[in-house]
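**Student:** I'm passing along protein.tsv; it holds TSV, C-alpha atoms.
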```
chain	number	residue	atom	x	y	z
A	1173	MET	CA	-3.72	-54.90	-15.40
A	1174	PRO	CA	-4.17	-51.11	-15.60
A	1175	ASP	CA	-4.70	-49.57	-18.99
A	1176	LEU	CA	-1.42	-47.75	-19.53
A	1177	ALA	CA	-2.58	-45.93	-22.67
A	1178	ALA	CA	-5.53	-44.46	-20.76
A	1179	LYS	CA	-3.27	-43.60	-17.84
A	1180	LYS	CA	-0.94	-41.66	-20.13
A	1181	LYS	CA	-3.83	-39.54	-21.29
A	1182	ARG	CA	-4.47	-38.28	-17.78
A	1183	PRO	CA	-4.14	-34.50	-17.67
A	1184	LEU	CA	-0.79	-33.21	-16.52
A	1185	TRP	CA	-2.24	-29.85	-15.66
A	1186	TYR	CA	-5.29	-29.44	-13.52
A	1187	ASN	CA	-7.52	-26.47	-13.99
A	1188	LEU	CA	-8.01	-25.22	-10.45
A	1189	SER	CA	-10.07	-22.18	-11.36
A	1190	PRO	CA	-13.43	-23.82	-10.57
A	1191	LEU	CA	-12.27	-24.12	-6.96
A	1192	ASN	CA	-13.25	-21.25	-4.73
A	1193	LEU	CA	-10.55	-18.95	-3.51
A	1194	PRO	CA	-10.95	-18.96	0.27
A	1195	LEU	CA	-11.71	-15.65	1.95
A	1196	PRO	CA	-8.20	-15.21	3.42
A	1197	GLY	CA	-6.88	-15.79	-0.12
A	1198	LEU	CA	-9.08	-13.02	-1.44
A	1199	VAL	CA	-7.81	-10.65	1.26
A	1200	SER	CA	-4.26	-11.68	0.37
A	1201	ILE	CA	-4.50	-11.03	-3.37
A	1202	LEU	CA	-6.36	-7.76	-2.76
A	1203	HIS	CA	-3.57	-6.77	-0.37
A	1204	ARG	CA	-1.14	-7.24	-3.25
A	1205	VAL	CA	-3.37	-5.51	-5.80
A	1206	SER	CA	-4.01	-2.55	-3.50
A	1207	GLY	CA	-0.29	-2.30	-2.72
A	1208	ALA	CA	0.60	-2.23	-6.41
A	1209	LEU	CA	-2.11	0.36	-7.00
A	1210	LEU	CA	-0.80	2.57	-4.20
A	1211	PHE	CA	2.74	2.35	-5.60
A	1212	LEU	CA	1.49	3.40	-9.04
A	1213	GLY	CA	-0.57	6.17	-7.43
A	1214	LEU	CA	2.41	7.65	-5.52
A	1215	VAL	CA	3.22	10.06	-8.34
A	1216	TRP	CA	-0.33	11.40	-8.30
A	1217	PHE	CA	-0.41	11.73	-4.50
A	1218	LEU	CA	2.81	13.74	-4.59
A	1219	PHE	CA	1.41	15.86	-7.39
A	1220	LEU	CA	-1.74	16.61	-5.32
A	1221	LEU	CA	0.28	17.30	-2.18
A	1222	ASP	CA	2.63	19.59	-4.09
A	1223	MET	CA	-0.29	21.52	-5.56
A	1224	SER	CA	-2.14	21.86	-2.25
A	1225	LEU	CA	0.89	23.07	-0.29
A	1226	SER	CA	2.47	25.27	-2.96
A	1227	SER	CA	0.51	28.50	-2.33
A	1228	GLU	CA	-2.90	29.94	-1.61
A	1229	ALA	CA	-3.67	29.86	-5.36
A	1230	GLY	CA	-2.34	26.33	-5.63
A	1231	PHE	CA	-4.61	25.27	-2.78
A	1232	ALA	CA	-7.64	26.82	-4.51
A	1233	HIS	CA	-6.64	25.04	-7.69
A	1234	PHE	CA	-6.35	21.81	-5.72
A	1235	ARG	CA	-9.85	22.26	-4.25
A	1236	ALA	CA	-11.29	22.81	-7.73
A	1237	TYR	CA	-9.33	19.86	-9.14
A	1238	VAL	CA	-10.52	17.36	-6.53
A	1239	ALA	CA	-14.12	18.59	-6.94
A	1240	HIS	CA	-14.20	17.04	-10.42
A	1241	PRO	CA	-16.31	13.83	-10.38
A	1242	VAL	CA	-13.71	11.75	-12.24
A	1243	VAL	CA	-10.98	12.87	-9.83
A	1244	LYS	CA	-13.26	12.08	-6.89
A	1245	LEU	CA	-13.88	8.61	-8.27
A	1246	ALA	CA	-10.16	8.01	-8.77
A	1247	MET	CA	-9.52	9.24	-5.22
A	1248	LEU	CA	-12.11	6.81	-3.89
A	1249	VAL	CA	-10.38	3.91	-5.61
A	1250	PHE	CA	-7.13	4.90	-3.90
A	1251	VAL	CA	-8.94	5.47	-0.60
A	1252	TRP	CA	-10.25	1.92	-0.80
A	1253	ALA	CA	-6.77	0.65	-1.72
A	1254	TYR	CA	-5.26	2.44	1.29
A	1255	LEU	CA	-7.96	1.25	3.67
A	1256	HIS	CA	-7.80	-2.34	2.48
A	1257	HIS	CA	-4.01	-2.36	2.60
A	1258	PHE	CA	-4.16	-0.80	6.08
A	1259	CYS	CA	-6.73	-3.24	7.51
A	1260	ALA	CA	-5.26	-6.33	5.85
A	1261	GLY	CA	-1.79	-5.21	6.93
A	1262	LEU	CA	-2.89	-4.91	10.57
A	1263	ARG	CA	-4.33	-8.42	10.28
A	1264	TYR	CA	-0.99	-9.74	9.00
A	1265	LEU	CA	0.86	-8.05	11.84
A	1266	PHE	CA	-1.35	-9.91	14.31
A	1267	LEU	CA	-0.93	-13.16	12.38
A	1268	ASP	CA	2.84	-12.65	12.62
A	1269	ILE	CA	2.62	-12.77	16.40
A	1270	ASP	CA	0.28	-15.78	16.21
A	1271	LYS	CA	-2.83	-13.87	17.17
A	1272	GLY	CA	-5.95	-15.13	15.41
A	1273	ALA	CA	-4.10	-17.70	13.33
A	1274	ASP	CA	-6.63	-20.54	13.66
A	1275	LEU	CA	-8.89	-21.26	10.70
A	1276	ALA	CA	-12.19	-20.02	12.14
A	1277	THR	CA	-10.65	-16.72	13.29
A	1278	THR	CA	-8.72	-16.08	10.05
A	1279	ARG	CA	-12.01	-16.41	8.15
A	1280	LYS	CA	-13.76	-14.03	10.51
A	1281	THR	CA	-10.97	-11.44	10.40
A	1282	SER	CA	-10.77	-11.75	6.58
A	1283	TYR	CA	-14.43	-10.91	6.39
A	1284	ALA	CA	-13.93	-8.06	8.84
A	1285	VAL	CA	-11.07	-6.63	6.74
A	1286	LEU	CA	-13.10	-6.74	3.52
A	1287	ALA	CA	-16.17	-5.28	5.20
A	1288	ALA	CA	-14.36	-2.57	7.19
A	1289	SER	CA	-12.46	-1.21	4.18
A	1290	LEU	CA	-15.58	-1.17	2.00
A	1291	VAL	CA	-17.77	0.44	4.68
A	1292	LEU	CA	-15.14	3.11	5.43
A	1293	THR	CA	-14.74	3.79	1.70
A	1294	ALA	CA	-18.51	4.15	1.36
A	1295	PHE	CA	-18.53	6.49	4.37
A	1296	LEU	CA	-15.84	8.67	2.78
A	1297	ALA	CA	-17.69	8.57	-0.55
A	1298	VAL	CA	-20.75	10.01	1.16
A	1299	LYS	CA	-18.61	12.67	2.84
A	1300	LEU	CA	-16.88	13.56	-0.44
A	1301	TRP	CA	-20.15	14.00	-2.33
B	295	MET	CA	20.47	-23.56	2.08
B	296	VAL	CA	23.73	-25.49	1.74
B	297	GLY	CA	24.20	-24.86	-1.97
B	298	ARG	CA	23.45	-21.17	-1.83
B	299	VAL	CA	26.54	-19.13	-2.57
B	300	VAL	CA	25.36	-15.77	-3.79
B	301	VAL	CA	23.37	-14.89	-0.71
B	302	GLY	CA	24.06	-15.36	2.97
B	303	ALA	CA	21.94	-16.80	5.74
B	304	HIS	CA	19.01	-14.68	6.93
B	305	TYR	CA	18.71	-13.24	3.46
B	306	GLY	CA	15.31	-11.59	3.34
B	307	LEU	CA	14.80	-11.46	7.10
B	308	LYS	CA	15.89	-7.83	7.21
B	309	ASP	CA	13.44	-6.90	4.45
B	310	TRP	CA	10.70	-8.80	6.24
B	311	LEU	CA	11.38	-6.88	9.43
B	312	VAL	CA	11.71	-3.52	7.65
B	313	GLN	CA	8.36	-4.16	5.98
B	314	ARG	CA	6.70	-4.63	9.36
B	315	ILE	CA	8.41	-1.75	11.16
B	316	SER	CA	7.56	0.67	8.34
B	317	ALA	CA	3.99	-0.68	8.36
B	318	VAL	CA	3.59	0.14	12.05
B	319	VAL	CA	5.08	3.62	11.54
B	320	MET	CA	2.66	4.34	8.69
B	321	ALA	CA	-0.33	2.96	10.60
B	322	VAL	CA	0.39	5.15	13.64
B	323	TYR	CA	0.99	8.22	11.46
B	324	THR	CA	-2.24	7.58	9.53
B	325	LEU	CA	-4.32	7.38	12.72
B	326	ILE	CA	-2.76	10.58	14.14
B	327	PHE	CA	-3.17	12.39	10.81
B	328	VAL	CA	-6.84	11.44	10.47
B	329	ALA	CA	-7.48	12.39	14.11
B	330	ILE	CA	-5.91	15.83	13.55
B	331	LEU	CA	-7.92	16.42	10.37
B	332	LEU	CA	-11.18	15.35	12.05
B	333	GLY	CA	-10.40	17.58	15.03
B	334	SER	CA	-9.84	20.75	12.98
B	335	ALA	CA	-13.04	21.57	11.17
B	336	PRO	CA	-12.80	23.94	8.17
B	337	PHE	CA	-10.21	22.69	5.71
B	338	THR	CA	-8.36	25.86	4.67
B	339	TYR	CA	-4.96	26.63	3.19
B	340	ALA	CA	-3.82	28.27	6.43
B	341	LEU	CA	-4.70	25.16	8.42
B	342	TRP	CA	-3.15	22.80	5.87
B	343	LYS	CA	0.06	24.83	5.69
B	344	ALA	CA	0.29	25.21	9.47
B	345	LEU	CA	-0.18	21.48	9.94
B	346	PHE	CA	2.93	20.66	7.92
B	347	ALA	CA	4.87	23.62	9.33
B	348	ASN	CA	4.64	22.20	12.84
B	349	GLY	CA	7.96	20.78	14.00
B	350	TRP	CA	6.61	17.49	15.34
B	351	MET	CA	4.53	17.02	12.24
B	352	ARG	CA	7.57	17.64	10.03
B	353	PHE	CA	9.51	15.03	11.91
B	354	ALA	CA	6.62	12.53	11.77
B	355	THR	CA	5.95	13.21	8.10
B	356	LEU	CA	9.58	12.69	7.17
B	357	VAL	CA	9.63	9.35	9.02
B	358	PHE	CA	6.33	8.46	7.35
B	359	ALA	CA	7.65	9.36	3.88
B	360	VAL	CA	10.79	7.26	4.38
B	361	SER	CA	8.60	4.38	5.59
B	362	VAL	CA	6.38	4.65	2.52
B	363	LEU	CA	9.34	4.51	0.16
B	364	VAL	CA	11.09	1.62	1.92
B	365	HIS	CA	7.80	-0.28	2.30
B	366	ALA	CA	7.00	0.33	-1.37
B	367	TRP	CA	10.42	-0.95	-2.39
B	368	VAL	CA	10.07	-4.24	-0.47
B	369	GLY	CA	6.53	-4.70	-1.79
B	370	VAL	CA	7.43	-3.97	-5.40
B	371	ARG	CA	10.42	-6.28	-5.15
B	372	ASP	CA	8.16	-9.07	-3.81
B	373	ILE	CA	5.77	-8.60	-6.70
B	374	LEU	CA	8.57	-8.53	-9.28
B	375	MET	CA	10.11	-11.70	-7.83
B	376	ASP	CA	6.76	-13.45	-8.32
B	377	TYR	CA	5.80	-12.25	-11.78
B	378	ALA	CA	8.83	-10.86	-13.65
B	379	LYS	CA	10.64	-14.15	-14.19
B	380	PRO	CA	13.34	-13.31	-16.79
B	381	ALA	CA	16.31	-12.06	-14.75
B	382	GLY	CA	17.07	-9.19	-17.13
B	383	LEU	CA	13.54	-7.88	-17.13
B	384	ARG	CA	13.28	-8.17	-13.36
B	385	PHE	CA	16.57	-6.38	-12.85
B	386	ALA	CA	15.53	-3.58	-15.20
B	387	LEU	CA	12.18	-3.14	-13.42
B	388	GLU	CA	13.87	-3.20	-10.01
B	389	VAL	CA	16.30	-0.50	-11.07
B	390	LEU	CA	13.41	1.52	-12.48
B	391	ALA	CA	11.51	1.20	-9.18
B	392	ILE	CA	14.55	2.36	-7.19
B	393	VAL	CA	15.16	5.32	-9.49
B	394	VAL	CA	11.50	6.34	-9.28
B	395	LEU	CA	11.37	5.99	-5.47
B	396	VAL	CA	14.58	7.97	-4.94
B	397	GLY	CA	13.14	10.66	-7.20
B	398	TYR	CA	9.96	10.68	-5.11
B	399	ALA	CA	12.07	11.13	-1.96
B	400	GLY	CA	13.56	14.29	-3.42
B	401	TRP	CA	10.17	15.54	-4.51
B	402	ALA	CA	8.66	14.88	-1.06
B	403	LEU	CA	11.53	16.76	0.63
B	404	GLN	CA	10.96	19.68	-1.70
B	405	ILE	CA	7.23	19.71	-0.91
B	406	PHE	CA	7.58	19.58	2.86
B	407	TRP	CA	10.69	21.71	3.29
B	408	ARG	CA	9.70	24.48	0.95
B	409	PRO	CA	10.46	27.84	2.58
```
Could I get this file's structure written as structure tokens?
**Tutor:**
Amino acid sequence: MPDLAAKKKRPLWYNLSPLNLPLPGLVSILHRVSGALLFLGLVWFLFLLDMSLSSEAGFAHFRAYVAHPVVKLAMLVFVWAYLHHFCAGLRYLFLDIDKGADLATTRKTSYAVLAASLVLTAFLAVKLW
Amino acid sequence: MVGRVVVGAHYGLKDWLVQRISAVVMAVYTLIFVAILLGSAPFTYALWKALFANGWMRFATLVFAVSVLVHAWVGVRDILMDYAKPAGLRFALEVLAIVVLVGYAGWALQIFWRP
């Protein structure tokens, strides 16, 4: 006879946080985070574009503005967001047509997406500084 | 799907497709844009201005800008559907996103088509 009182005390909600998020899951949530970031950044991108294309003086102002370390840092965050969203997006397009959809390959391509966007961001960081 | 009255069949398929088409447009534009920038060495105002004055580039940039806004809309809507559960709040945020994106469209036109 099972102990019904003990059974009732079983948790109704399981804390799943100790489980590891698989690599494709990490790429997925970062795709969402980077997308949200890019949406929020749109106003700033338009502001920069407007400044840089407004006039010769505006362009000079733009060059001085983006030379500021804080601005450079912010730009790098958005550069990473764009690169990650780009690479992860390409991966999803291939997954849509059933290319690389098996488990081993999705893990490999997830790793490639994370690595490629970080390496390219680092490369641009070096070029910017 | 039987009990669904408010929406028709294939609801969401169009958005799904639009998201992918706009993604491809933006990816191609990005690659071309980076290639052009890498190919033309000193980054000056004259070069920057001339780049966006070019007819093909204007056409491509307009298509790119429209893709960004449409893509952003589908993405933001996806996020809101997942996290903004109260219908009123979600509706308000969706309207806000549309207003903002339409405003951006006007701003982008003004930037690129400035005389």
**Student:** When distances are computed from all atoms listed in the file, which of A:Gly1207, A:Tyr1264, A:Ala1229, A:Leu1214 shows the smallest separation from Gly369 (chain B)?
**Tutor:**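 Using all atoms listed in the file, Gly369 (chain B) sits closest to A:Gly1207.
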**Student:** Please find the residues of chain A near chain B - the criterion being any atom within 9 Å, counting only C-alpha atoms - and write them as a JSON list (two decimals) with C-alpha atoms, in the coordinates of the input.
**Tutor:**
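Produced file selection-v9.json, reproduced below:
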```
[["chain", "number", "residue", "atom", "x", "y", "z"],
["A", 1204, "ARG", "CA", -1.14, -7.24, -3.25],
["A", 1207, "GLY", "CA", -0.29, -2.30, -2.72],
["A", 1208, "ALA", "CA", 0.60, -2.23, -6.41],
["A", 1210, "LEU", "CA", -0.80, 2.57, -4.20],
["A", 1211, "PHE", "CA", 2.74, 2.35, -5.60],
["A", 1214, "LEU", "CA", 2.41, 7.65, -5.52],
["A", 1215, "VAL", "CA", 3.22, 10.06, -8.34],
["A", 1218, "LEU", "CA", 2.81, 13.74, -4.59],
["A", 1221, "LEU", "CA", 0.28, 17.30, -2.18],
["A", 1222, "ASP", "CA", 2.63, 19.59, -4.09],
["A", 1224, "SER", "CA", -2.14, 21.86, -2.25],
["A", 1225, "LEU", "CA", 0.89, 23.07, -0.29],
["A", 1226, "SER", "CA", 2.47, 25.27, -2.96],
["A", 1227, "SER", "CA", 0.51, 28.50, -2.33],
["A", 1228, "GLU", "CA", -2.90, 29.94, -1.61],
["A", 1231, "PHE", "CA", -4.61, 25.27, -2.78],
["A", 1232, "ALA", "CA", -7.64, 26.82, -4.51],
["A", 1258, "PHE", "CA", -4.16, -0.80, 6.08],
["A", 1261, "GLY", "CA", -1.79, -5.21, 6.93],
["A", 1262, "LEU", "CA", -2.89, -4.91, 10.57],
["A", 1265, "LEU", "CA", 0.86, -8.05, 11.84]]
```
**Student:** Could you state the separation of CA of Arg1279 (chain A) and CA of Val1298 (chain A) in Å, given to one decimal place?
**Tutor:**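 Pair CA of Arg1279 (chain A) / CA of Val1298 (chain A) returns 28.7 Å.
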**Student:** Within 12 Å of (4.6, 15.5, 10.4), in the coordinates the file gives, what residues turn up when you count all atoms listed in the file, written out as a PDB file with C-alpha atoms, in the coordinates of the input?
**Tutor:**
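Output file out05.pdb is given in full below:
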```
ATOM      1  CA  VAL B 319       5.080   3.620  11.540  1.00  0.00           C
ATOM      2  CA  MET B 320       2.660   4.340   8.690  1.00  0.00           C
ATOM      3  CA  VAL B 322       0.390   5.150  13.640  1.00  0.00           C
ATOM      4  CA  TYR B 323       0.990   8.220  11.460  1.00  0.00           C
ATOM      5  CA  THR B 324      -2.240   7.580   9.530  1.00  0.00           C
ATOM      6  CA  ILE B 326      -2.760  10.580  14.140  1.00  0.00           C
ATOM      7  CA  PHE B 327      -3.170  12.390  10.810  1.00  0.00           C
ATOM      8  CA  ILE B 330      -5.910  15.830  13.550  1.00  0.00           C
ATOM      9  CA  TRP B 342      -3.150  22.800   5.870  1.00  0.00           C
ATOM     10  CA  LYS B 343       0.060  24.830   5.690  1.00  0.00           C
ATOM     11  CA  ALA B 344       0.290  25.210   9.470  1.00  0.00           C
ATOM     12  CA  LEU B 345      -0.180  21.480   9.940  1.00  0.00           C
ATOM     13  CA  PHE B 346       2.930  20.660   7.920  1.00  0.00           C
ATOM     14  CA  ALA B 347       4.870  23.620   9.330  1.00  0.00           C
ATOM     15  CA  ASN B 348       4.640  22.200  12.840  1.00  0.00           C
ATOM     16  CA  GLY B 349       7.960  20.780  14.000  1.00  0.00           C
ATOM     17  CA  TRP B 350       6.610  17.490  15.340  1.00  0.00           C
ATOM     18  CA  MET B 351       4.530  17.020  12.240  1.00  0.00           C
ATOM     19  CA  ARG B 352       7.570  17.640  10.030  1.00  0.00           C
ATOM     20  CA  PHE B 353       9.510  15.030  11.910  1.00  0.00           C
ATOM     21  CA  ALA B 354       6.620  12.530  11.770  1.00  0.00           C
ATOM     22  CA  THR B 355       5.950  13.210   8.100  1.00  0.00           C
ATOM     23  CA  LEU B 356       9.580  12.690   7.170  1.00  0.00           C
ATOM     24  CA  VAL B 357       9.630   9.350   9.020  1.00  0.00           C
ATOM     25  CA  PHE B 358       6.330   8.460   7.350  1.00  0.00           C
ATOM     26  CA  ALA B 359       7.650   9.360   3.880  1.00  0.00           C
ATOM     27  CA  VAL B 360      10.790   7.260   4.380  1.00  0.00           C
ATOM     28  CA  PHE B 406       7.580  19.580   2.860  1.00  0.00           C
ATOM     29  CA  TRP B 407      10.690  21.710   3.290  1.00  0.00           C
TER      30      TRP B 407
END
```
**Student:** CA of Tyr1186 (chain A) to CA of Lys379 (chain B): how many Å, to one decimal?
**Tutor:**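 Between CA of Tyr1186 (chain A) and CA of Lys379 (chain B) the gap works out to 22.1 Å.
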**Student:** Set the distance at 9 Å and use all atoms listed in the file: which residues neighbour Trp1301 (chain A) once local chain neighbours fewer than 3 positions away are removed? I'd like the list as an MDAnalysis selection string.
**Tutor:** chainID A and resid 1239 1241 1244 1296:1298
**Student:** Using only C-alpha atoms, which residue out of A:Val1238, A:Leu1275, A:Cys1259, A:Leu1267 lies closest to Ala1288 (chain A)?
**Tutor:**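 Looking at the shortest contact to Ala1288 (chain A), the residue is A:Cys1259.
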**Student:** Draw an axis-aligned box tight on the listed atoms of region 1277-1286 of chain A, then pad every side by 5 Å and write out centre and edge lengths in Å to one decimal as AutoDock Vina command-line options.
**Tutor:**
```
--center_x -11.6 --center_y -11.7 --center_z 8.4 --size_x 15.7 --size_y 20.1 --size_z 19.8
```
**Student:** So what do you get for CA of Arg1263 (chain A) versus CA of Gly306 (chain B), distance-wise?
**Tutor:**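 Going from CA of Arg1263 (chain A) over to CA of Gly306 (chain B) covers 21.1 Å.
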**Student:** Can you list, as JSON, numbers by chain, every protein, DNA or RNA residue that comes within 8 Å of Arg384 (chain B) when you count all atoms listed in the file, leaving out same-chain residues fewer than 6 positions away?
**Tutor:** {"B": [374, 375, 378]}
**Student:** When distances are computed from all atoms listed in the file, which of A:Asp1268, A:Ala1273, A:Leu1188, A:Leu1195 shows the smallest separation from Ala1287 (chain A)?
**Tutor:**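 Among the listed residues, the smallest separation from Ala1287 (chain A) belongs to A:Leu1195.
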**Student:** So, with all atoms listed in the file as the atoms that count, which of A:Thr1293, A:Ser1282, A:Ser1206, A:Thr1277 lies closest to Pro1194 (chain A)?
**Tutor:**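 Smallest separation from Pro1194 (chain A) among the options: A:Ser1282.
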**Student:** I want to know what sits within 9 Å of Thr1281 (chain A), based on all atoms listed in the file, with residues of the same chain fewer than 5 positions away left out; could you give that as a list in words?
**Tutor:**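 Final neighbour list, sorted by chain and number: Pro1196, Ala1260, Arg1263, Gly1272, Ala1276 and Leu1286 of chain A.
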